[in-house]
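Asker: Input file: input.cif. Contents: mmCIF, C-alpha atoms.
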data_my_file
loop_
_atom_site.group_PDB
_atom_site.id
_atom_site.type_symbol
_atom_site.label_atom_id
_atom_site.label_comp_id
_atom_site.auth_asym_id
_atom_site.auth_seq_id
_atom_site.Cartn_x
_atom_site.Cartn_y
_atom_site.Cartn_z
ATOM 1 C CA MET A 1 -27.612 149.503 -77.143
ATOM 2 C CA GLY A 2 -28.038 145.761 -77.611
ATOM 3 C CA GLN A 3 -27.900 143.869 -80.896
ATOM 4 C CA ALA A 4 -31.639 143.223 -80.763
ATOM 5 C CA GLU A 5 -32.370 146.941 -80.474
ATOM 6 C CA LYS A 6 -30.095 147.730 -83.440
ATOM 7 C CA GLN A 7 -32.178 145.483 -85.645
ATOM 8 C CA ARG A 8 -35.556 146.892 -84.620
ATOM 9 C CA SER A 9 -37.199 149.323 -87.018
ATOM 10 C CA PRO A 10 -38.576 152.622 -85.611
ATOM 11 C CA LEU A 11 -42.079 151.257 -86.193
ATOM 12 C CA ARG A 12 -41.222 148.097 -84.248
ATOM 13 C CA ILE A 13 -39.909 150.200 -81.334
ATOM 14 C CA ASN A 14 -43.058 152.358 -81.345
ATOM 15 C CA LEU A 15 -45.184 149.207 -81.297
ATOM 16 C CA ASP A 16 -43.142 147.701 -78.440
ATOM 17 C CA ILE A 17 -43.657 150.908 -76.443
ATOM 18 C CA LEU A 18 -47.388 151.027 -77.183
ATOM 19 C CA ASN A 19 -47.765 147.338 -76.308
ATOM 20 C CA ALA A 20 -45.882 147.885 -73.040
ATOM 21 C CA ILE A 21 -48.081 150.851 -72.116
ATOM 22 C CA GLN A 22 -51.296 149.064 -73.052
ATOM 23 C CA GLU A 23 -50.263 145.991 -71.079
ATOM 24 C CA MET A 24 -49.755 148.052 -67.926
ATOM 25 C CA GLY A 25 -52.656 150.452 -68.290
ATOM 26 C CA ASP A 26 -51.085 153.476 -66.579
ATOM 27 C CA ALA A 27 -47.414 152.975 -67.287
ATOM 28 C CA LYS A 28 -44.488 154.639 -65.556
ATOM 29 C CA PRO A 29 -41.467 155.570 -67.699
ATOM 30 C CA THR A 30 -39.192 153.134 -65.846
ATOM 31 C CA HIS A 31 -41.558 150.258 -66.577
ATOM 32 C CA ILE A 32 -41.816 151.194 -70.253
ATOM 33 C CA LEU A 33 -38.029 151.509 -70.376
ATOM 34 C CA TYR A 34 -37.675 147.970 -69.045
ATOM 35 C CA LYS A 35 -40.433 146.420 -71.160
ATOM 36 C CA ALA A 36 -39.449 148.125 -74.428
ATOM 37 C CA ASN A 37 -35.709 147.582 -73.829
ATOM 38 C CA LEU A 38 -34.611 151.147 -74.619
ATOM 39 C CA SER A 39 -32.159 153.696 -73.286
ATOM 40 C CA HIS A 40 -33.706 156.669 -71.423
ATOM 41 C CA ASP A 41 -32.866 159.223 -74.125
ATOM 42 C CA ARG A 42 -34.355 157.130 -76.887
ATOM 43 C CA LEU A 43 -37.443 156.379 -74.835
ATOM 44 C CA VAL A 44 -38.070 160.110 -74.259
ATOM 45 C CA LYS A 45 -37.708 160.742 -77.996
ATOM 46 C CA TYR A 46 -40.160 157.976 -78.915
ATOM 47 C CA LEU A 47 -42.668 158.948 -76.194
ATOM 48 C CA ASP A 48 -42.650 162.555 -77.478
ATOM 49 C CA GLU A 49 -43.251 161.283 -81.006
ATOM 50 C CA LEU A 50 -46.133 159.014 -79.939
ATOM 51 C CA GLY A 51 -47.623 161.829 -77.859
ATOM 52 C CA SER A 52 -47.447 164.312 -80.742
ATOM 53 C CA LYS A 53 -49.310 161.821 -82.949
ATOM 54 C CA GLY A 54 -52.038 161.472 -80.327
ATOM 55 C CA LEU A 55 -51.364 157.770 -79.773
ATOM 56 C CA ILE A 56 -50.561 158.158 -76.044
ATOM 57 C CA GLU A 57 -51.452 160.700 -73.354
ATOM 58 C CA VAL A 58 -49.537 161.797 -70.278
ATOM 59 C CA HIS A 59 -50.992 162.014 -66.768
ATOM 60 C CA GLU A 60 -49.084 163.977 -64.153
ATOM 61 C CA GLU A 61 -49.796 163.852 -60.420
ATOM 62 C CA GLY A 62 -47.152 165.727 -58.476
ATOM 63 C CA GLU A 63 -43.850 164.157 -59.436
ATOM 64 C CA ASN A 64 -45.474 161.019 -60.819
ATOM 65 C CA ARG A 65 -45.831 160.820 -64.571
ATOM 66 C CA THR A 66 -47.718 157.981 -66.236
ATOM 67 C CA TYR A 67 -48.640 157.199 -69.838
ATOM 68 C CA ARG A 68 -51.830 155.751 -71.280
ATOM 69 C CA VAL A 69 -52.714 154.605 -74.797
ATOM 70 C CA THR A 70 -55.450 156.786 -76.349
ATOM 71 C CA SER A 71 -58.378 155.367 -78.345
ATOM 72 C CA LYS A 72 -56.512 156.443 -81.506
ATOM 73 C CA GLY A 73 -53.492 154.507 -80.202
ATOM 74 C CA VAL A 74 -55.625 151.400 -79.588
ATOM 75 C CA GLY A 75 -56.922 151.613 -83.172
ATOM 76 C CA PHE A 76 -53.361 151.996 -84.461
ATOM 77 C CA LEU A 77 -52.224 148.960 -82.436
ATOM 78 C CA ILE A 78 -55.067 146.811 -83.802
ATOM 79 C CA GLU A 79 -54.252 147.808 -87.391
ATOM 80 C CA MET A 80 -50.531 147.153 -86.877
ATOM 81 C CA ARG A 81 -51.202 143.722 -85.325
ATOM 82 C CA ARG A 82 -53.290 142.847 -88.387
ATOM 83 C CA ALA A 83 -50.489 144.079 -90.644
ATOM 84 C CA GLU A 84 -47.932 142.096 -88.650
ATOM 85 C CA SER A 85 -49.902 138.835 -88.912
ATOM 86 C CA PHE A 86 -50.431 139.420 -92.644
ATOM 87 C CA VAL A 87 -46.754 140.009 -93.422
ATOM 88 C CA GLN A 88 -45.808 137.084 -91.124
ATOM 89 C CA GLY A 89 -47.689 134.814 -93.506
ATOM 90 C CA PHE A 90 -45.158 135.721 -96.214
ATOM 91 C CA GLY A 91 -42.111 135.421 -93.941
ATOM 92 C CA LEU A 92 -41.712 139.126 -93.271
ATOM 93 C CA ALA A 93 -41.567 141.149 -90.084
ATOM 94 C CA ILE A 94 -42.318 144.719 -89.084
ATOM 95 C CA MET B 1 -74.601 126.507 -119.416
ATOM 96 C CA ALA B 2 -73.308 122.939 -118.924
ATOM 97 C CA LEU B 3 -72.214 121.843 -115.455
ATOM 98 C CA GLY B 4 -68.477 121.811 -116.238
ATOM 99 C CA PRO B 5 -68.167 125.432 -117.444
ATOM 100 C CA LEU B 6 -70.553 126.557 -114.682
ATOM 101 C CA LEU B 7 -68.337 124.939 -112.026
ATOM 102 C CA VAL B 8 -65.214 126.455 -113.580
ATOM 103 C CA PHE B 9 -66.956 129.838 -113.673
ATOM 104 C CA ILE B 10 -68.046 129.746 -109.998
ATOM 105 C CA LEU B 11 -64.768 128.345 -108.616
ATOM 106 C CA ASN B 12 -62.633 130.769 -110.630
ATOM 107 C CA VAL B 13 -64.720 133.831 -109.700
ATOM 108 C CA CYS B 14 -64.455 132.910 -105.992
ATOM 109 C CA SER B 15 -60.707 132.286 -106.363
ATOM 110 C CA ALA B 16 -60.325 135.631 -108.174
ATOM 111 C CA VAL B 17 -62.068 137.479 -105.311
ATOM 112 C CA VAL B 18 -59.612 135.964 -102.810
ATOM 113 C CA ALA B 19 -56.695 136.825 -105.113
ATOM 114 C CA PHE B 20 -57.851 140.463 -105.310
ATOM 115 C CA LEU B 21 -58.341 140.624 -101.515
ATOM 116 C CA THR B 22 -54.815 139.281 -100.948
ATOM 117 C CA SER B 23 -53.472 141.811 -103.452
ATOM 118 C CA TYR B 24 -55.335 144.633 -101.687
ATOM 119 C CA TYR B 25 -53.974 143.748 -98.218
ATOM 120 C CA ALA B 26 -50.434 143.280 -99.532
ATOM 121 C CA TYR B 27 -50.697 146.738 -101.132
ATOM 122 C CA LYS B 28 -52.218 148.248 -97.988
ATOM 123 C CA PHE B 29 -49.530 146.865 -95.659
ATOM 124 C CA ARG B 30 -46.549 147.322 -98.008
ATOM 125 C CA HIS B 31 -45.214 150.365 -96.091
ATOM 126 C CA VAL B 32 -45.356 148.518 -92.782
ATOM 127 C CA ALA B 33 -42.825 145.844 -93.658
ATOM 128 C CA ASP B 34 -40.899 148.037 -96.123
ATOM 129 C CA ASN B 35 -40.046 145.003 -98.256
ATOM 130 C CA PRO B 36 -40.352 144.591 -102.065
ATOM 131 C CA VAL B 37 -41.789 141.096 -101.565
ATOM 132 C CA LEU B 38 -45.114 142.690 -100.616
ATOM 133 C CA ASP B 39 -45.111 144.631 -103.912
ATOM 134 C CA SER B 40 -44.557 141.347 -105.751
ATOM 135 C CA ILE B 41 -47.389 139.698 -103.827
ATOM 136 C CA ALA B 42 -49.737 142.624 -104.497
ATOM 137 C CA PHE B 43 -48.897 142.697 -108.225
ATOM 138 C CA GLY B 44 -48.812 138.909 -108.640
ATOM 139 C CA PHE B 45 -52.189 138.297 -107.000
ATOM 140 C CA MET B 46 -53.717 141.143 -109.000
ATOM 141 C CA LEU B 47 -52.550 139.497 -112.249
ATOM 142 C CA LEU B 48 -53.769 136.132 -111.013
ATOM 143 C CA GLY B 49 -57.179 137.610 -110.169
ATOM 144 C CA VAL B 50 -57.476 139.165 -113.638
ATOM 145 C CA GLY B 51 -56.406 135.869 -115.250
ATOM 146 C CA LEU B 52 -58.946 133.869 -113.250
ATOM 147 C CA LEU B 53 -61.708 136.320 -114.160
ATOM 148 C CA ILE B 54 -60.776 136.081 -117.847
ATOM 149 C CA GLU B 55 -60.960 132.289 -117.680
ATOM 150 C CA ALA B 56 -64.263 132.437 -115.772
ATOM 151 C CA GLY B 57 -65.680 134.970 -118.259
ATOM 152 C CA THR B 58 -64.617 132.917 -121.273
ATOM 153 C CA SER B 59 -66.111 129.754 -119.748
ATOM 154 C CA ALA B 60 -69.395 131.604 -119.248
ATOM 155 C CA VAL B 61 -69.471 133.215 -122.712
ATOM 156 C CA VAL B 62 -68.243 130.241 -124.774
ATOM 157 C CA GLY B 63 -70.048 127.723 -122.537
ATOM 158 C CA GLN B 64 -66.997 125.462 -122.505
ATOM 159 C CA THR B 65 -64.037 124.927 -120.222
ATOM 160 C CA LEU B 66 -60.558 125.581 -121.587
ATOM 161 C CA LEU B 67 -60.096 121.854 -122.110
ATOM 162 C CA GLN B 68 -63.397 121.441 -123.964
ATOM 163 C CA GLN B 69 -62.251 124.233 -126.265
ATOM 164 C CA PHE B 70 -59.158 122.188 -127.102
ATOM 165 C CA LEU B 71 -61.300 119.143 -127.763
ATOM 166 C CA SER B 72 -63.777 120.959 -129.983
ATOM 167 C CA LYS B 73 -60.962 122.888 -131.693
ATOM 168 C CA ILE B 74 -62.539 126.223 -130.750
ATOM 169 C CA LEU B 75 -59.425 127.785 -129.331
ATOM 170 C CA ALA B 76 -60.409 131.025 -127.694
ATOM 171 C CA VAL B 77 -57.273 133.096 -128.249
ATOM 172 C CA VAL B 78 -58.137 135.531 -125.494
ATOM 173 C CA GLU B 79 -58.448 132.832 -122.870
ATOM 174 C CA THR B 80 -55.550 130.707 -123.982
ATOM 175 C CA PHE B 81 -53.017 133.479 -124.214
ATOM 176 C CA ALA B 82 -54.367 135.988 -121.700
ATOM 177 C CA TYR B 83 -55.183 133.581 -118.874
ATOM 178 C CA LEU B 84 -52.206 131.283 -119.286
ATOM 179 C CA SER B 85 -49.772 134.171 -119.794
ATOM 180 C CA LEU B 86 -51.125 136.186 -116.862
ATOM 181 C CA GLN B 87 -50.950 133.115 -114.674
ATOM 182 C CA MET B 88 -47.376 132.460 -115.735
ATOM 183 C CA VAL B 89 -46.311 136.080 -115.120
ATOM 184 C CA ALA B 90 -48.118 136.123 -111.748
ATOM 185 C CA TYR B 91 -46.246 133.081 -110.450
ATOM 186 C CA LEU B 92 -43.031 134.422 -111.941
ATOM 187 C CA VAL B 93 -43.580 137.637 -109.938
ATOM 188 C CA PHE B 94 -44.107 135.584 -106.751
ATOM 189 C CA ALA B 95 -40.996 133.553 -107.466
ATOM 190 C CA VAL B 96 -38.919 136.698 -108.117
ATOM 191 C CA GLY B 97 -40.334 138.262 -104.924
ATOM 192 C CA TYR B 98 -39.360 135.242 -102.858
ATOM 193 C CA ALA B 99 -36.009 135.131 -104.650
ATOM 194 C CA THR B 100 -35.363 138.724 -103.538
ATOM 195 C CA LEU B 101 -36.097 137.642 -99.987
ATOM 196 C CA ALA B 102 -33.773 134.661 -100.382
ATOM 197 C CA TRP B 103 -31.090 136.932 -101.858
ATOM 198 C CA ARG B 104 -31.346 139.228 -98.862
ATOM 199 C CA ARG B 105 -30.895 136.220 -96.632
ATOM 200 C CA SER B 106 -27.854 135.194 -98.679
ATOM 201 C CA SER B 107 -29.349 132.039 -100.136
ATOM 202 C CA LYS B 108 -27.687 132.797 -103.460
ATOM 203 C CA ALA B 109 -27.683 129.152 -104.610
ATOM 204 C CA VAL B 110 -31.489 129.138 -104.621
ATOM 205 C CA VAL B 111 -31.570 132.374 -106.630
ATOM 206 C CA MET B 112 -29.208 130.964 -109.237
ATOM 207 C CA GLY B 113 -31.729 128.164 -109.781
ATOM 208 C CA LEU B 114 -34.423 130.744 -110.456
ATOM 209 C CA VAL B 115 -32.306 132.545 -113.062
ATOM 210 C CA ALA B 116 -32.461 129.394 -115.197
ATOM 211 C CA LEU B 117 -36.244 129.306 -114.812
ATOM 212 C CA VAL B 118 -36.750 132.924 -115.871
ATOM 213 C CA ALA B 119 -35.427 132.108 -119.322
ATOM 214 C CA ALA B 120 -37.890 129.217 -119.775
ATOM 215 C CA PRO B 121 -41.006 131.167 -120.956
ATOM 216 C CA ARG B 122 -39.097 132.518 -123.975
ATOM 217 C CA ALA B 123 -38.980 129.057 -125.495
ATOM 218 C CA VAL B 124 -42.755 128.729 -125.783
ATOM 219 C CA ASP B 125 -43.129 131.261 -128.625
ATOM 220 C CA VAL B 126 -42.201 128.683 -131.214
ATOM 221 C CA PHE B 127 -44.951 126.250 -130.175
ATOM 222 C CA GLY B 128 -48.600 126.144 -131.129
ATOM 223 C CA VAL B 129 -51.464 127.109 -128.844
ATOM 224 C CA TYR B 130 -51.985 123.657 -127.361
ATOM 225 C CA ARG B 131 -48.324 123.184 -126.701
ATOM 226 C CA TYR B 132 -48.249 126.702 -125.275
ATOM 227 C CA ALA B 133 -50.895 125.614 -122.754
ATOM 228 C CA VAL B 134 -48.908 122.509 -121.800
ATOM 229 C CA VAL B 135 -45.646 124.413 -121.499
ATOM 230 C CA SER B 136 -47.213 127.301 -119.564
ATOM 231 C CA TYR B 137 -48.792 124.899 -117.049
ATOM 232 C CA PHE B 138 -45.403 123.218 -116.711
ATOM 233 C CA VAL B 139 -43.577 126.540 -116.232
ATOM 234 C CA VAL B 140 -46.172 127.620 -113.652
ATOM 235 C CA LEU B 141 -45.657 124.287 -111.900
ATOM 236 C CA VAL B 142 -41.886 124.799 -111.712
ATOM 237 C CA LEU B 143 -42.349 128.389 -110.481
ATOM 238 C CA LEU B 144 -44.859 127.206 -107.889
ATOM 239 C CA GLY B 145 -42.359 124.558 -106.813
ATOM 240 C CA PHE B 146 -39.889 127.348 -106.104
ATOM 241 C CA VAL B 147 -42.529 129.426 -104.259
ATOM 242 C CA VAL B 148 -43.573 126.404 -102.152
ATOM 243 C CA PHE B 149 -39.912 125.633 -101.389
ATOM 244 C CA GLN B 150 -39.368 129.218 -100.201
ATOM 245 C CA GLY B 151 -42.641 129.101 -98.244
ATOM 246 C CA ALA B 152 -41.507 125.887 -96.521
ATOM 247 C CA LEU B 153 -38.141 127.479 -95.668
ATOM 248 C CA ILE B 154 -39.912 130.534 -94.229
ATOM 249 C CA HIS B 155 -42.284 128.386 -92.197
ATOM 250 C CA SER B 156 -39.482 126.180 -90.857
ATOM 251 C CA ARG B 157 -37.479 129.277 -89.832
ATOM 252 C CA SER B 158 -40.313 131.031 -88.025
ATOM 253 C CA PRO B 159 -43.362 128.790 -87.763
ATOM 254 C CA SER B 160 -46.701 130.515 -87.334
ATOM 255 C CA ARG B 161 -50.300 129.614 -88.191
ATOM 256 C CA PHE B 162 -50.234 132.414 -90.775
ATOM 257 C CA SER B 163 -47.201 131.174 -92.684
ATOM 258 C CA LEU B 164 -48.661 127.640 -92.470
ATOM 259 C CA LEU B 165 -51.927 128.738 -94.120
ATOM 260 C CA VAL B 166 -50.031 130.528 -96.904
ATOM 261 C CA LEU B 167 -47.823 127.458 -97.391
ATOM 262 C CA VAL B 168 -50.868 125.150 -97.550
ATOM 263 C CA ALA B 169 -52.474 127.536 -100.067
ATOM 264 C CA PHE B 170 -49.465 127.463 -102.397
ATOM 265 C CA LEU B 171 -49.102 123.677 -101.912
ATOM 266 C CA LEU B 172 -52.723 123.126 -102.970
ATOM 267 C CA ILE B 173 -52.357 125.486 -105.941
ATOM 268 C CA MET B 174 -49.219 123.575 -106.962
ATOM 269 C CA ALA B 175 -51.023 120.225 -106.583
ATOM 270 C CA ALA B 176 -53.843 121.672 -108.687
ATOM 271 C CA HIS B 177 -51.378 122.549 -111.432
ATOM 272 C CA VAL B 178 -49.997 119.001 -111.445
ATOM 273 C CA VAL B 179 -53.562 117.765 -112.052
ATOM 274 C CA LEU B 180 -54.246 120.549 -114.599
ATOM 275 C CA LEU B 181 -51.041 119.723 -116.495
ATOM 276 C CA VAL B 182 -51.986 116.036 -116.625
ATOM 277 C CA SER B 183 -55.526 116.972 -117.693
ATOM 278 C CA VAL B 184 -54.230 119.092 -120.585
ATOM 279 C CA VAL B 185 -51.740 116.413 -121.660
ATOM 280 C CA THR B 186 -54.332 113.594 -121.472
ATOM 281 C CA LEU B 187 -57.262 115.870 -122.473
ATOM 282 C CA SER B 188 -59.250 114.631 -119.473
ATOM 283 C CA GLU B 189 -62.220 116.865 -118.635
ATOM 284 C CA TYR B 190 -62.720 115.308 -115.178
ATOM 285 C CA LEU B 191 -59.113 115.942 -114.232
ATOM 286 C CA PHE B 192 -59.436 119.531 -115.456
ATOM 287 C CA LEU B 193 -62.450 120.079 -113.174
ATOM 288 C CA ALA B 194 -60.635 118.329 -110.313
ATOM 289 C CA GLY B 195 -57.594 120.591 -110.833
ATOM 290 C CA THR B 196 -59.795 123.698 -110.810
ATOM 291 C CA ALA B 197 -61.463 122.471 -107.601
ATOM 292 C CA ILE B 198 -58.110 121.813 -105.894
ATOM 293 C CA GLN B 199 -56.922 125.271 -106.967
ATOM 294 C CA PHE B 200 -60.094 126.687 -105.389
ATOM 295 C CA LEU B 201 -59.242 124.875 -102.127
ATOM 296 C CA GLY B 202 -55.863 126.633 -102.210
ATOM 297 C CA PHE B 203 -57.659 129.970 -102.400
ATOM 298 C CA VAL B 204 -59.931 128.855 -99.532
ATOM 299 C CA SER B 205 -56.801 128.368 -97.417
ATOM 300 C CA LEU B 206 -55.635 131.833 -98.464
ATOM 301 C CA PHE B 207 -59.044 133.226 -97.495
ATOM 302 C CA ALA B 208 -58.758 131.543 -94.076
ATOM 303 C CA PHE B 209 -55.367 133.252 -93.706
ATOM 304 C CA LEU B 210 -56.915 136.650 -94.568
ATOM 305 C CA LEU B 211 -59.756 136.119 -92.083
ATOM 306 C CA ARG B 212 -57.460 134.978 -89.257
ATOM 307 C CA SER B 213 -54.911 137.744 -89.784
ATOM 308 C CA GLY B 214 -57.779 140.253 -89.981
ATOM 309 C CA ARG B 215 -59.107 139.112 -86.620
ATOM 310 C CA VAL B 216 -55.786 139.619 -84.828
ATOM 311 C CA GLY B 217 -55.760 142.480 -82.337
ATOM 312 C CA THR B 218 -59.510 142.749 -82.010
ATOM 313 C CA GLY B 219 -59.865 140.162 -79.189
#
Is it possible to express this structure as structure tokens?

Answerer:
Amino acid sequence: MGQAEKQRSPLRINLDILNAIQEMGDAKPTHILYKANLSHDRLVKYLDELGSKGLIEVHEEGENRTYRVTSKGVGFLIEMRRAESFVQGFGLAI
Amino acid sequence: MALGPLLVFILNVCSAVVAFLTSYYAYKFRHVADNPVLDSIAFGFMLLGVGLLIEAGTSAVVGQTLLQQFLSKILAVVETFAYLSLQMVAYLVFAVGYATLAWRRSSKAVVMGLVALVAAPRAVDVFGVYRYAVVSYFVVLVLLGFVVFQGALIHSRSPSRFSLLVLVAFLLIMAAHVVLLVSVVTLSEYLFLAGTAIQFLGFVSLFAFLLRSGRVGTG
């Protein structure tokens, strides 16, 4: 685990994952892993959490598994980006 | 109603709306950043909004600006003490909020400077109402100086258009208080109106910040 990852809050990690998935459309776990800079175990934990909240959905075709941001997830991302820009104005970060 | 009080009424009501909006968003997003500074911002802007509404309401009811009340010796106790005190507490809350942030970033020297400022409002009890107004504007000015200094540090560390708009807002509000202080000392009605207008421009910058941050993520 890198220093940067240690400093990220759980919310920040969830947002990085959601951003990575949204950027790619249908995202494979390896791509999310790379983009969100997480270990495999932690990624699985966070993906389960996001899935249980209905923010992402899983598509399985044979052995291929991809993730997609749901409409609820898109709404969550928009709200969090607004929150992030607001707190940025006062020198804070998510 | 004469033009002066009408202008003060309109500008202060608009400024109060922006103050309440800022307070609402700071309250709404306080869990996201998990930082007490957002609580200070929410509370401080709420107090400021109430103070501005009190001043606007008094201007409308009495038909005079705060300065005209000094000149005609009709000192509205509610306005003088409520508005000026609320304003002073609001900026003190901002300053303490930013000081907490500075403390967390180990800028203890800056915080020590604030400790001296916190004691300043106690001294005003012994003065009369007019002197209270002068001293409270001065205290607010010093507190705003601290807030602007912290805002400049924040913007220099991680520059963004959002932190720039907030910095410009506090800079304009501070400039307004320089003009307001001079207007109270010299009893100049024009300067008082100019100070209120500059303060309004500060809230316009804050409103631009709210609009821009609200648009993020929708494009």

Asker: So that I can check the surroundings of Ser158 (chain B), please list as a list of chain:residue names every protein, DNA and RNA residue that reaches within 9 Å of it, counting all atoms listed in the file and ignoring chain neighbours fewer than 3 positions away.

Answerer: A:Gln88, A:Gly91, B:Leu153, B:Ile154, B:His155, B:Ser163

Asker: Starting from the shown file, work through the PyMOL selection byres ((chain A) within 9 of (chain B)) and note down what comes out as a ChimeraX atom specification.

Answerer: /A:11,77-94

Asker: Counting all atoms listed in the file, what is within 12 Å of region 53-61 of chain A, bar same-chain residues fewer than 3 positions away, as JSON, numbers by chain?

Answerer: {"A": [14, 15, 17, 18, 19, 20, 21, 22, 25, 26, 27, 28, 29, 46, 47, 48, 49, 50, 64, 65, 66, 67, 68, 69, 70, 71, 72, 73, 74, 75, 76, 77]}

Asker: Residues near Glu55 (chain B), anyone? I mean within 7 Å using all atoms listed in the file, not counting same-chain ones fewer than 3 positions away, as a list in words.

Answerer: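 The residues that qualify are Gly51, Leu52, Thr58, Ser59, Glu79 and Tyr83 of chain B.
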
Asker: If you count all atoms listed in the file, which residues fall within 9 Å of Gly145 (chain B), apart from same-chain ones fewer than 6 positions away, as a PyMOL selection string?

Answerer: chain B and resi 170-171+174

Asker: May I ask for the distance between CA of Leu7 (chain B) and CA of Val62 (chain B), given in Å to one decimal place?

Answerer: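 Computed distance, CA of Leu7 (chain B) to CA of Val62 (chain B), equals 13.8 Å.
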
Asker: Rounded to one decimal place, report the CA of Val148 (chain B)-CA of Gly44 (chain B) distance in Å.

Answerer: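 Between CA of Val148 (chain B) and CA of Gly44 (chain B) the gap is 15.0 Å.
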
Asker: How many Å lie between CA of Ala133 (chain B) and CA of Ser40 (chain B), rounded to one decimal?

Answerer: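 If I compute the distance from CA of Ala133 (chain B) to CA of Ser40 (chain B), I get 24.0 Å.
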
Asker: Can you list, as a VMD selection string, every protein, DNA or RNA residue that comes within 10 Å of Thr65 (chain B) when you count only C-alpha atoms, leaving out same-chain residues fewer than 6 positions away?

Answerer: chain B and resid 2 to 9 55 to 56 58 to 59 71 189 192 to 193

Asker: Of the candidates B:Leu21, B:Val13, B:Leu191, B:Phe138, which shows the shortest atom-to-atom distance to Ile54 (chain B), using all atoms listed in the file?

Answerer: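 Nearest to Ile54 (chain B): B:Val13.
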
Asker: Using the structure block above, produce a file of region 29-34 of chain B that contains all heavy atoms, as a CSV table (one decimal), in the first residue's frame.

Answerer:
chain,number,residue,atom,x,y,z
B,29,PHE,N,-22.7,19.7,3.2
B,29,PHE,CA,-21.5,18.9,2.8
B,29,PHE,C,-20.6,18.7,3.9
B,29,PHE,O,-19.5,18.2,3.7
B,29,PHE,CB,-20.8,19.7,1.7
B,29,PHE,CG,-21.6,19.8,0.4
B,29,PHE,CD1,-21.6,20.9,-0.4
B,29,PHE,CD2,-22.3,18.7,-0.1
B,29,PHE,CE1,-22.3,21.0,-1.6
B,29,PHE,CE2,-23.1,18.8,-1.3
B,29,PHE,CZ,-23.0,19.9,-2.0
B,30,ARG,N,-21.0,19.0,5.2
B,30,ARG,CA,-20.1,18.9,6.3
B,30,ARG,C,-19.6,17.4,6.5
B,30,ARG,O,-18.5,17.2,7.0
B,30,ARG,CB,-20.7,19.5,7.6
B,30,ARG,CG,-21.8,18.7,8.2
B,30,ARG,CD,-22.5,19.5,9.3
B,30,ARG,NE,-23.3,18.7,10.1
B,30,ARG,CZ,-24.5,18.1,9.7
B,30,ARG,NH1,-24.9,18.3,8.4
B,30,ARG,NH2,-25.2,17.4,10.5
B,31,HIS,N,-20.4,16.4,6.2
B,31,HIS,CA,-20.1,15.0,6.5
B,31,HIS,C,-19.0,14.6,5.4
B,31,HIS,O,-18.3,13.7,5.7
B,31,HIS,CB,-21.3,14.1,6.4
B,31,HIS,CG,-22.2,14.4,7.6
B,31,HIS,ND1,-21.8,14.4,8.9
B,31,HIS,CD2,-23.5,14.7,7.6
B,31,HIS,CE1,-22.8,14.7,9.6
B,31,HIS,NE2,-23.9,14.9,8.9
B,32,VAL,N,-19.1,15.2,4.3
B,32,VAL,CA,-18.2,14.8,3.1
B,32,VAL,C,-16.8,15.0,3.5
B,32,VAL,O,-15.9,14.1,3.3
B,32,VAL,CB,-18.6,15.5,1.9
B,32,VAL,CG1,-17.6,15.2,0.8
B,32,VAL,CG2,-20.0,15.1,1.4
B,33,ALA,N,-16.5,16.2,4.0
B,33,ALA,CA,-15.1,16.5,4.2
B,33,ALA,C,-14.7,16.1,5.7
B,33,ALA,O,-13.5,16.0,5.9
B,33,ALA,CB,-14.8,18.0,4.0
B,34,ASP,N,-15.7,15.9,6.5
B,34,ASP,CA,-15.4,15.5,7.9
B,34,ASP,C,-14.4,16.4,8.5
B,34,ASP,O,-13.3,16.0,9.0
B,34,ASP,CB,-14.9,14.0,7.9
B,34,ASP,CG,-14.9,13.5,9.4
B,34,ASP,OD1,-15.7,14.0,10.2
B,34,ASP,OD2,-14.1,12.6,9.7
